[in-house]
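S.K.: This one is target.json, JSON, N, CA and C atoms.
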```json
[["chain", "number", "residue", "atom", "x", "y", "z"],
["A", 10, "MET", "N", -19.74, -34.44, -3.51],
["A", 10, "MET", "CA", -19.99, -33.57, -2.37],
["A", 10, "MET", "C", -18.83, -32.58, -2.21],
["A", 11, "PRO", "N", -19.09, -31.29, -2.06],
["A", 11, "PRO", "CA", -18.03, -30.30, -1.87],
["A", 11, "PRO", "C", -17.28, -30.55, -0.57],
["A", 12, "LYS", "N", -16.02, -30.19, -0.58],
["A", 12, "LYS", "CA", -15.17, -30.33, 0.61],
["A", 12, "LYS", "C", -14.98, -28.94, 1.23],
["A", 13, "PHE", "N", -15.30, -28.80, 2.50],
["A", 13, "PHE", "CA", -15.21, -27.52, 3.20],
["A", 13, "PHE", "C", -13.97, -27.50, 4.08],
["A", 14, "GLU", "N", -13.37, -26.31, 4.16],
["A", 14, "GLU", "CA", -12.18, -26.14, 4.98],
["A", 14, "GLU", "C", -12.29, -24.81, 5.73],
["A", 15, "ALA", "N", -12.09, -24.82, 7.03],
["A", 15, "ALA", "CA", -12.14, -23.60, 7.83],
["A", 15, "ALA", "C", -10.86, -22.79, 7.62],
["A", 16, "MET", "N", -11.01, -21.47, 7.50],
["A", 16, "MET", "CA", -9.86, -20.58, 7.33],
["A", 16, "MET", "C", -10.04, -19.35, 8.20],
["A", 17, "LYS", "N", -8.94, -18.67, 8.47],
["A", 17, "LYS", "CA", -9.00, -17.41, 9.21],
["A", 17, "LYS", "C", -9.48, -16.32, 8.26],
["A", 18, "PRO", "N", -10.32, -15.41, 8.74],
["A", 18, "PRO", "CA", -10.81, -14.34, 7.86],
["A", 18, "PRO", "C", -9.70, -13.49, 7.25],
["A", 19, "GLU", "N", -8.61, -13.25, 7.99],
["A", 19, "GLU", "CA", -7.54, -12.42, 7.46],
["A", 19, "GLU", "C", -6.75, -13.11, 6.34],
["A", 20, "ASP", "N", -6.92, -14.43, 6.21],
["A", 20, "ASP", "CA", -6.24, -15.17, 5.14],
["A", 20, "ASP", "C", -7.06, -15.22, 3.85],
["A", 21, "VAL", "N", -8.28, -14.70, 3.88],
["A", 21, "VAL", "CA", -9.15, -14.77, 2.72],
["A", 21, "VAL", "C", -9.37, -13.38, 2.14],
["A", 22, "GLN", "N", -9.01, -13.21, 0.87],
["A", 22, "GLN", "CA", -9.25, -11.95, 0.17],
["A", 22, "GLN", "C", -10.17, -12.26, -1.00],
["A", 23, "VAL", "N", -11.28, -11.58, -1.08],
["A", 23, "VAL", "CA", -12.24, -11.82, -2.16],
["A", 23, "VAL", "C", -12.56, -10.52, -2.87],
["A", 24, "GLY", "N", -13.03, -10.63, -4.09],
["A", 24, "GLY", "CA", -13.46, -9.46, -4.85],
["A", 24, "GLY", "C", -12.36, -8.44, -5.03],
["A", 25, "ARG", "N", -12.73, -7.19, -4.91],
["A", 25, "ARG", "CA", -11.76, -6.10, -5.10],
["A", 25, "ARG", "C", -10.69, -6.11, -4.01],
["A", 26, "GLY", "N", -10.99, -6.69, -2.86],
["A", 26, "GLY", "CA", -10.00, -6.76, -1.79],
["A", 26, "GLY", "C", -8.77, -7.53, -2.20],
["A", 27, "ARG", "N", -8.96, -8.55, -3.02],
["A", 27, "ARG", "CA", -7.84, -9.36, -3.48],
["A", 27, "ARG", "C", -6.94, -8.54, -4.41],
["A", 28, "VAL", "N", -7.53, -7.75, -5.26],
["A", 28, "VAL", "CA", -6.76, -6.93, -6.19],
["A", 28, "VAL", "C", -5.96, -5.88, -5.45],
["A", 29, "THR", "N", -6.58, -5.19, -4.50],
["A", 29, "THR", "CA", -5.85, -4.15, -3.77],
["A", 29, "THR", "C", -4.79, -4.76, -2.86],
["A", 30, "ALA", "N", -5.01, -5.97, -2.36],
["A", 30, "ALA", "CA", -3.98, -6.64, -1.56],
["A", 30, "ALA", "C", -2.74, -6.87, -2.41],
["A", 31, "GLU", "N", -2.92, -7.24, -3.66],
["A", 31, "GLU", "CA", -1.80, -7.42, -4.58],
["A", 31, "GLU", "C", -1.10, -6.09, -4.85],
["A", 32, "LEU", "N", -1.87, -5.02, -5.02],
["A", 32, "LEU", "CA", -1.28, -3.71, -5.26],
["A", 32, "LEU", "C", -0.48, -3.23, -4.05],
["A", 33, "ARG", "N", -0.96, -3.51, -2.86],
["A", 33, "ARG", "CA", -0.28, -3.06, -1.64],
["A", 33, "ARG", "C", 1.04, -3.79, -1.41],
["A", 34, "ARG", "N", 1.21, -4.96, -2.02],
["A", 34, "ARG", "CA", 2.43, -5.74, -1.79],
["A", 34, "ARG", "C", 3.68, -4.92, -2.10],
["A", 35, "ALA", "N", 3.71, -4.23, -3.23],
["A", 35, "ALA", "CA", 4.88, -3.41, -3.60],
["A", 35, "ALA", "C", 5.11, -2.29, -2.58],
["A", 36, "PHE", "N", 4.04, -1.71, -2.09],
["A", 36, "PHE", "CA", 4.15, -0.65, -1.08],
["A", 36, "PHE", "C", 4.71, -1.21, 0.22],
["A", 37, "ARG", "N", 4.23, -2.39, 0.64],
["A", 37, "ARG", "CA", 4.74, -3.02, 1.86],
["A", 37, "ARG", "C", 6.22, -3.33, 1.74],
["A", 38, "GLU", "N", 6.62, -3.89, 0.60],
["A", 38, "GLU", "CA", 8.03, -4.21, 0.38],
["A", 38, "GLU", "C", 8.90, -2.97, 0.44],
["A", 39, "ALA", "N", 8.43, -1.87, -0.12],
["A", 39, "ALA", "CA", 9.19, -0.62, -0.09],
["A", 39, "ALA", "C", 9.30, -0.09, 1.34],
["A", 40, "ILE", "N", 8.21, -0.13, 2.08],
["A", 40, "ILE", "CA", 8.21, 0.38, 3.46],
["A", 40, "ILE", "C", 9.12, -0.46, 4.34],
["A", 41, "GLU", "N", 9.05, -1.77, 4.19],
["A", 41, "GLU", "CA", 9.86, -2.66, 5.02],
["A", 41, "GLU", "C", 11.33, -2.63, 4.62],
["A", 42, "GLY", "N", 11.63, -2.30, 3.37],
["A", 42, "GLY", "CA", 12.99, -2.35, 2.89],
["A", 42, "GLY", "C", 13.75, -1.04, 2.90],
["A", 43, "SER", "N", 13.11, 0.04, 3.31],
["A", 43, "SER", "CA", 13.77, 1.34, 3.25],
["A", 43, "SER", "C", 13.23, 2.27, 4.32],
["A", 44, "GLU", "N", 13.98, 3.29, 4.62],
["A", 44, "GLU", "CA", 13.57, 4.29, 5.60],
["A", 44, "GLU", "C", 12.76, 5.41, 4.96],
["A", 45, "ALA", "N", 12.95, 5.59, 3.65],
["A", 45, "ALA", "CA", 12.26, 6.65, 2.93],
["A", 45, "ALA", "C", 12.25, 6.30, 1.45],
["A", 46, "GLY", "N", 11.41, 7.01, 0.69],
["A", 46, "GLY", "CA", 11.37, 6.72, -0.73],
["A", 46, "GLY", "C", 10.56, 7.71, -1.52],
["A", 47, "ARG", "N", 10.53, 7.45, -2.83],
["A", 47, "ARG", "CA", 9.82, 8.29, -3.78],
["A", 47, "ARG", "C", 8.94, 7.38, -4.63],
["A", 48, "ILE", "N", 7.70, 7.77, -4.83],
["A", 48, "ILE", "CA", 6.79, 7.03, -5.69],
["A", 48, "ILE", "C", 6.44, 7.94, -6.85],
["A", 49, "SER", "N", 6.86, 7.54, -8.05],
["A", 49, "SER", "CA", 6.56, 8.31, -9.26],
["A", 49, "SER", "C", 5.34, 7.69, -9.92],
["A", 50, "LEU", "N", 4.32, 8.49, -10.13],
["A", 50, "LEU", "CA", 3.08, 8.00, -10.71],
["A", 50, "LEU", "C", 3.17, 7.93, -12.22],
["A", 51, "ASP", "N", 2.54, 6.92, -12.79],
["A", 51, "ASP", "CA", 2.40, 6.81, -14.24],
["A", 51, "ASP", "C", 1.19, 7.62, -14.68],
["A", 52, "ARG", "N", 1.00, 7.71, -15.96],
["A", 52, "ARG", "CA", -0.08, 8.53, -16.51],
["A", 52, "ARG", "C", -1.46, 8.13, -15.99],
["A", 53, "GLY", "N", -1.76, 6.86, -15.86],
["A", 53, "GLY", "CA", -3.09, 6.42, -15.45],
["A", 53, "GLY", "C", -3.31, 6.31, -13.95],
["A", 54, "ASP", "N", -2.27, 6.54, -13.14],
["A", 54, "ASP", "CA", -2.39, 6.40, -11.69],
["A", 54, "ASP", "C", -3.16, 7.56, -11.09],
["A", 55, "ARG", "N", -4.01, 7.24, -10.13],
["A", 55, "ARG", "CA", -4.76, 8.28, -9.42],
["A", 55, "ARG", "C", -4.00, 8.63, -8.14],
["A", 56, "PRO", "N", -3.67, 9.90, -7.94],
["A", 56, "PRO", "CA", -2.91, 10.31, -6.76],
["A", 56, "PRO", "C", -3.57, 9.89, -5.44],
["A", 57, "SER", "N", -4.87, 10.03, -5.33],
["A", 57, "SER", "CA", -5.55, 9.66, -4.08],
["A", 57, "SER", "C", -5.45, 8.16, -3.82],
["A", 58, "ALA", "N", -5.51, 7.36, -4.87],
["A", 58, "ALA", "CA", -5.41, 5.90, -4.71],
["A", 58, "ALA", "C", -4.00, 5.49, -4.27],
["A", 59, "VAL", "N", -2.99, 6.14, -4.83],
["A", 59, "VAL", "CA", -1.61, 5.83, -4.47],
["A", 59, "VAL", "C", -1.34, 6.18, -3.02],
["A", 60, "LYS", "N", -1.81, 7.35, -2.60],
["A", 60, "LYS", "CA", -1.61, 7.76, -1.20],
["A", 60, "LYS", "C", -2.37, 6.83, -0.25],
["A", 61, "ARG", "N", -3.57, 6.41, -0.64],
["A", 61, "ARG", "CA", -4.35, 5.48, 0.18],
["A", 61, "ARG", "C", -3.66, 4.13, 0.29],
["A", 62, "LEU", "N", -3.14, 3.61, -0.82],
["A", 62, "LEU", "CA", -2.43, 2.33, -0.80],
["A", 62, "LEU", "C", -1.20, 2.40, 0.09],
["A", 63, "LEU", "N", -0.49, 3.52, 0.06],
["A", 63, "LEU", "CA", 0.66, 3.69, 0.93],
["A", 63, "LEU", "C", 0.24, 3.66, 2.40],
["A", 64, "ALA", "N", -0.83, 4.36, 2.72],
["A", 64, "ALA", "CA", -1.32, 4.40, 4.11],
["A", 64, "ALA", "C", -1.79, 3.02, 4.57],
["A", 65, "GLU", "N", -2.49, 2.29, 3.71],
["A", 65, "GLU", "CA", -2.96, 0.96, 4.06],
["A", 65, "GLU", "C", -1.81, -0.01, 4.25],
["A", 66, "ALA", "N", -0.82, 0.06, 3.37],
["A", 66, "ALA", "CA", 0.35, -0.80, 3.48],
["A", 66, "ALA", "C", 1.13, -0.49, 4.76],
["A", 67, "SER", "N", 1.23, 0.77, 5.08],
["A", 67, "SER", "CA", 1.90, 1.19, 6.30],
["A", 67, "SER", "C", 1.21, 0.60, 7.53],
["A", 68, "LYS", "N", -0.09, 0.66, 7.53],
["A", 68, "LYS", "CA", -0.87, 0.12, 8.64],
["A", 68, "LYS", "C", -0.69, -1.39, 8.75],
["A", 69, "GLU", "N", -0.69, -2.08, 7.62],
["A", 69, "GLU", "CA", -0.48, -3.53, 7.62],
["A", 69, "GLU", "C", 0.88, -3.91, 8.19],
["A", 70, "CYS", "N", 1.90, -3.11, 7.87],
["A", 70, "CYS", "CA", 3.26, -3.38, 8.35],
["A", 70, "CYS", "C", 3.45, -2.99, 9.81],
["A", 71, "GLY", "N", 2.58, -2.13, 10.30],
["A", 71, "GLY", "CA", 2.76, -1.62, 11.65],
["A", 71, "GLY", "C", 3.86, -0.57, 11.74],
["A", 72, "ILE", "N", 4.15, 0.08, 10.62],
["A", 72, "ILE", "CA", 5.19, 1.11, 10.56],
["A", 72, "ILE", "C", 4.53, 2.43, 10.16],
["A", 73, "LYS", "N", 4.71, 3.43, 10.99],
["A", 73, "LYS", "CA", 4.12, 4.74, 10.68],
["A", 73, "LYS", "C", 4.92, 5.43, 9.59],
["A", 74, "VAL", "N", 4.19, 6.00, 8.64],
["A", 74, "VAL", "CA", 4.80, 6.67, 7.49],
["A", 74, "VAL", "C", 4.12, 8.01, 7.28],
["A", 75, "ARG", "N", 4.92, 9.01, 6.93],
["A", 75, "ARG", "CA", 4.38, 10.30, 6.53],
["A", 75, "ARG", "C", 4.71, 10.50, 5.07],
["A", 76, "SER", "N", 3.84, 11.18, 4.38],
["A", 76, "SER", "CA", 4.08, 11.41, 2.95],
["A", 76, "SER", "C", 3.57, 12.78, 2.53],
["A", 77, "SER", "N", 4.14, 13.28, 1.44],
["A", 77, "SER", "CA", 3.65, 14.53, 0.86],
["A", 77, "SER", "C", 4.05, 14.56, -0.61],
["A", 78, "TRP", "N", 3.30, 15.32, -1.37],
["A", 78, "TRP", "CA", 3.55, 15.46, -2.80],
["A", 78, "TRP", "C", 4.69, 16.43, -3.01],
["A", 79, "SER", "N", 5.58, 16.12, -3.94],
["A", 79, "SER", "CA", 6.71, 17.01, -4.20],
["A", 79, "SER", "C", 6.38, 18.07, -5.24],
["A", 80, "ASP", "N", 5.22, 17.93, -5.89],
["A", 80, "ASP", "CA", 4.84, 18.89, -6.91],
["A", 80, "ASP", "C", 3.33, 19.13, -6.87],
["A", 81, "LYS", "N", 2.89, 20.22, -7.46],
["A", 81, "LYS", "CA", 1.47, 20.57, -7.42],
["A", 81, "LYS", "C", 0.61, 19.64, -8.28],
["A", 82, "LYS", "N", 1.20, 19.02, -9.30],
["A", 82, "LYS", "CA", 0.44, 18.12, -10.16],
["A", 82, "LYS", "C", 0.29, 16.72, -9.56],
["A", 83, "GLN", "N", 0.89, 16.50, -8.42],
["A", 83, "GLN", "CA", 0.82, 15.23, -7.69],
["A", 83, "GLN", "C", 1.28, 14.05, -8.55],
["A", 84, "THR", "N", 2.49, 14.16, -9.06],
["A", 84, "THR", "CA", 3.06, 13.08, -9.85],
["A", 84, "THR", "C", 4.17, 12.34, -9.12],
["A", 85, "VAL", "N", 4.69, 12.94, -8.03],
["A", 85, "VAL", "CA", 5.74, 12.31, -7.23],
["A", 85, "VAL", "C", 5.37, 12.43, -5.76],
["A", 86, "LEU", "N", 5.25, 11.28, -5.10],
["A", 86, "LEU", "CA", 4.92, 11.23, -3.68],
["A", 86, "LEU", "C", 6.17, 10.83, -2.91],
["A", 87, "LEU", "N", 6.59, 11.67, -1.97],
["A", 87, "LEU", "CA", 7.72, 11.37, -1.11],
["A", 87, "LEU", "C", 7.20, 10.84, 0.22],
["A", 88, "TRP", "N", 7.88, 9.83, 0.77],
["A", 88, "TRP", "CA", 7.46, 9.26, 2.05],
["A", 88, "TRP", "C", 8.67, 8.94, 2.90],
["A", 89, "LYS", "N", 8.46, 8.88, 4.21],
["A", 89, "LYS", "CA", 9.51, 8.43, 5.11],
["A", 89, "LYS", "C", 8.88, 7.83, 6.36],
["A", 90, "ARG", "N", 9.62, 6.95, 6.97],
["A", 90, "ARG", "CA", 9.16, 6.33, 8.22],
["A", 90, "ARG", "C", 9.21, 7.36, 9.34],
["A", 91, "THR", "N", 8.25, 7.30, 10.22],
["A", 91, "THR", "CA", 8.25, 8.18, 11.38],
["A", 91, "THR", "C", 8.31, 7.39, 12.67],
["A", 92, "GLY", "N", 8.20, 6.09, 12.59],
["A", 92, "GLY", "CA", 8.23, 5.24, 13.78],
["A", 92, "GLY", "C", 7.97, 3.81, 13.41],
["A", 93, "ILE", "N", 8.19, 2.94, 14.38],
["A", 93, "ILE", "CA", 7.97, 1.50, 14.15],
["A", 93, "ILE", "C", 6.96, 0.97, 15.14]]
```
Could you render the structure as structure tokens?
M.R.:
Amino acid sequence: MPKFEAMKPEDVQVGRGRVTAELRRAFREAIEGSEAGRISLDRGDRPSAVKRLLAEASKECGIKVRSSWSDKKQTVLLWKRTGI
């Protein structure tokens, strides 16, 4: 017989949500550990995905962040905290 255990919904990540939660971890650590930073994209990184992950991580941390691209090709994203 299977054993069932109740859990909080926020503690359960399934499907693609689990993968993006892992990706956001580095963003959260950067936001919590610094006042500002630079994110350099690799060849396969999508600029819109990187900016979205930064925004989601910021929301999870409860720290407001502003960001902008330093170049027209969108290979370097600069960010800084704007509030806590």
S.K.: Could you pull the residues within 7 Å of range 30-40 of chain A, counting only C-alpha atoms, minus those fewer than 4 positions along the same chain, as an MDAnalysis selection string?
M.R.: chainID A and resid 26 44 62:63 66:67 70
S.K.: From a backbone DSSP assignment, name each residue in chain A labelled strand (DSSP E or B), as a ChimeraX atom specification.
M.R.: /A:45-49,73-78,85-92
S.K.: Please report, as number ranges by chain, each residue of chain A to which DSSP assigns alpha helix (DSSP H) when run on this structure's backbone.
M.R.: A: 25-42, 56-70
S.K.: Just N, CA and C atoms for this one: save the residues we selected as a tab-separated table (two decimals), in the coordinates of the input.
M.R.:
```
chain	number	residue	atom	x	y	z
A	25	ARG	N	-12.73	-7.19	-4.91
A	25	ARG	CA	-11.76	-6.10	-5.10
A	25	ARG	C	-10.69	-6.11	-4.01
A	26	GLY	N	-10.99	-6.69	-2.86
A	26	GLY	CA	-10.00	-6.76	-1.79
A	26	GLY	C	-8.77	-7.53	-2.20
A	27	ARG	N	-8.96	-8.55	-3.02
A	27	ARG	CA	-7.84	-9.36	-3.48
A	27	ARG	C	-6.94	-8.54	-4.41
A	28	VAL	N	-7.53	-7.75	-5.26
A	28	VAL	CA	-6.76	-6.93	-6.19
A	28	VAL	C	-5.96	-5.88	-5.45
A	29	THR	N	-6.58	-5.19	-4.50
A	29	THR	CA	-5.85	-4.15	-3.77
A	29	THR	C	-4.79	-4.76	-2.86
A	30	ALA	N	-5.01	-5.97	-2.36
A	30	ALA	CA	-3.98	-6.64	-1.56
A	30	ALA	C	-2.74	-6.87	-2.41
A	31	GLU	N	-2.92	-7.24	-3.66
A	31	GLU	CA	-1.80	-7.42	-4.58
A	31	GLU	C	-1.10	-6.09	-4.85
A	32	LEU	N	-1.87	-5.02	-5.02
A	32	LEU	CA	-1.28	-3.71	-5.26
A	32	LEU	C	-0.48	-3.23	-4.05
A	33	ARG	N	-0.96	-3.51	-2.86
A	33	ARG	CA	-0.28	-3.06	-1.64
A	33	ARG	C	1.04	-3.79	-1.41
A	34	ARG	N	1.21	-4.96	-2.02
A	34	ARG	CA	2.43	-5.74	-1.79
A	34	ARG	C	3.68	-4.92	-2.10
A	35	ALA	N	3.71	-4.23	-3.23
A	35	ALA	CA	4.88	-3.41	-3.60
A	35	ALA	C	5.11	-2.29	-2.58
A	36	PHE	N	4.04	-1.71	-2.09
A	36	PHE	CA	4.15	-0.65	-1.08
A	36	PHE	C	4.71	-1.21	0.22
A	37	ARG	N	4.23	-2.39	0.64
A	37	ARG	CA	4.74	-3.02	1.86
A	37	ARG	C	6.22	-3.33	1.74
A	38	GLU	N	6.62	-3.89	0.60
A	38	GLU	CA	8.03	-4.21	0.38
A	38	GLU	C	8.90	-2.97	0.44
A	39	ALA	N	8.43	-1.87	-0.12
A	39	ALA	CA	9.19	-0.62	-0.09
A	39	ALA	C	9.30	-0.09	1.34
A	40	ILE	N	8.21	-0.13	2.08
A	40	ILE	CA	8.21	0.38	3.46
A	40	ILE	C	9.12	-0.46	4.34
A	41	GLU	N	9.05	-1.77	4.19
A	41	GLU	CA	9.86	-2.66	5.02
A	41	GLU	C	11.33	-2.63	4.62
A	42	GLY	N	11.63	-2.30	3.37
A	42	GLY	CA	12.99	-2.35	2.89
A	42	GLY	C	13.75	-1.04	2.90
A	56	PRO	N	-3.67	9.90	-7.94
A	56	PRO	CA	-2.91	10.31	-6.76
A	56	PRO	C	-3.57	9.89	-5.44
A	57	SER	N	-4.87	10.03	-5.33
A	57	SER	CA	-5.55	9.66	-4.08
A	57	SER	C	-5.45	8.16	-3.82
A	58	ALA	N	-5.51	7.36	-4.87
A	58	ALA	CA	-5.41	5.90	-4.71
A	58	ALA	C	-4.00	5.49	-4.27
A	59	VAL	N	-2.99	6.14	-4.83
A	59	VAL	CA	-1.61	5.83	-4.47
A	59	VAL	C	-1.34	6.18	-3.02
A	60	LYS	N	-1.81	7.35	-2.60
A	60	LYS	CA	-1.61	7.76	-1.20
A	60	LYS	C	-2.37	6.83	-0.25
A	61	ARG	N	-3.57	6.41	-0.64
A	61	ARG	CA	-4.35	5.48	0.18
A	61	ARG	C	-3.66	4.13	0.29
A	62	LEU	N	-3.14	3.61	-0.82
A	62	LEU	CA	-2.43	2.33	-0.80
A	62	LEU	C	-1.20	2.40	0.09
A	63	LEU	N	-0.49	3.52	0.06
A	63	LEU	CA	0.66	3.69	0.93
A	63	LEU	C	0.24	3.66	2.40
A	64	ALA	N	-0.83	4.36	2.72
A	64	ALA	CA	-1.32	4.40	4.11
A	64	ALA	C	-1.79	3.02	4.57
A	65	GLU	N	-2.49	2.29	3.71
A	65	GLU	CA	-2.96	0.96	4.06
A	65	GLU	C	-1.81	-0.01	4.25
A	66	ALA	N	-0.82	0.06	3.37
A	66	ALA	CA	0.35	-0.80	3.48
A	66	ALA	C	1.13	-0.49	4.76
A	67	SER	N	1.23	0.77	5.08
A	67	SER	CA	1.90	1.19	6.30
A	67	SER	C	1.21	0.60	7.53
A	68	LYS	N	-0.09	0.66	7.53
A	68	LYS	CA	-0.87	0.12	8.64
A	68	LYS	C	-0.69	-1.39	8.75
A	69	GLU	N	-0.69	-2.08	7.62
A	69	GLU	CA	-0.48	-3.53	7.62
A	69	GLU	C	0.88	-3.91	8.19
A	70	CYS	N	1.90	-3.11	7.87
A	70	CYS	CA	3.26	-3.38	8.35
A	70	CYS	C	3.45	-2.99	9.81
```
S.K.: Have a look at CA of Lys82 in chain A and CA of Glu69 in chain A and let me know their distance in Å, one decimal.
M.R.: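 Spanning CA of Lys82 in chain A to CA of Glu69 in chain A is a straight-line distance of 28.0 Å.
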S.K.: Of the residues A:Pro56, A:Gly46, A:Gly71, A:Pro18, which is the one nearest to Thr84 in chain A, using all atoms listed in the file?
M.R.: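 Distance minimum relative to Thr84 in chain A lands on A:Pro56.
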S.K.: So, counting only N, CA and C atoms, which residue among A:Arg52, A:Arg27, A:Arg47, A:Lys12 is closest to Lys89 in chain A?
M.R.: A:Arg47
S.K.: Just give me the gap between atom C of Lys81 in chain A and atom N of Ala45 in chain A in Å, one decimal is fine.
M.R.: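 It comes out at 22.2 Å.
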S.K.: Provide the atom N of Asp20 in chain A to atom N of Arg75 in chain A distance in Å, to one decimal place.
M.R.: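 Calculated distance between atom N of Asp20 in chain A and atom N of Arg75 in chain A is 26.3 Å.
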S.K.: With only C-alpha atoms as the atoms that count, which of A:Ala15, A:Ser49, A:Trp78, A:Trp88 lies nearest to Ala64 in chain A?
M.R.: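 Closest to Ala64 in chain A, using only C-alpha atoms: A:Trp88.
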S.K.: Would you please work out which residue, of A:Lys60, A:Arg90, A:Lys17, A:Asp80, is nearest to Ser43 in chain A when using all atoms listed in the file?
M.R.: A:Arg90
S.K.: Of the residues A:Gly53, A:Val59, A:Val21, A:Leu87, which is the one nearest to Val74 in chain A, using only C-alpha atoms?
M.R.: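 For Val74 in chain A, the nearest of the given residues is A:Leu87.
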S.K.: Return as JSON the box centre and box size in Å, one decimal, for an axis-aligned box around all listed atoms of range 37-40 of chain A padded by 3 Å per side.
M.R.:
```
{"center_x": 6.8, "center_y": -1.9, "center_z": 2.1, "size_x": 11.1, "size_y": 10.6, "size_z": 10.5}
```
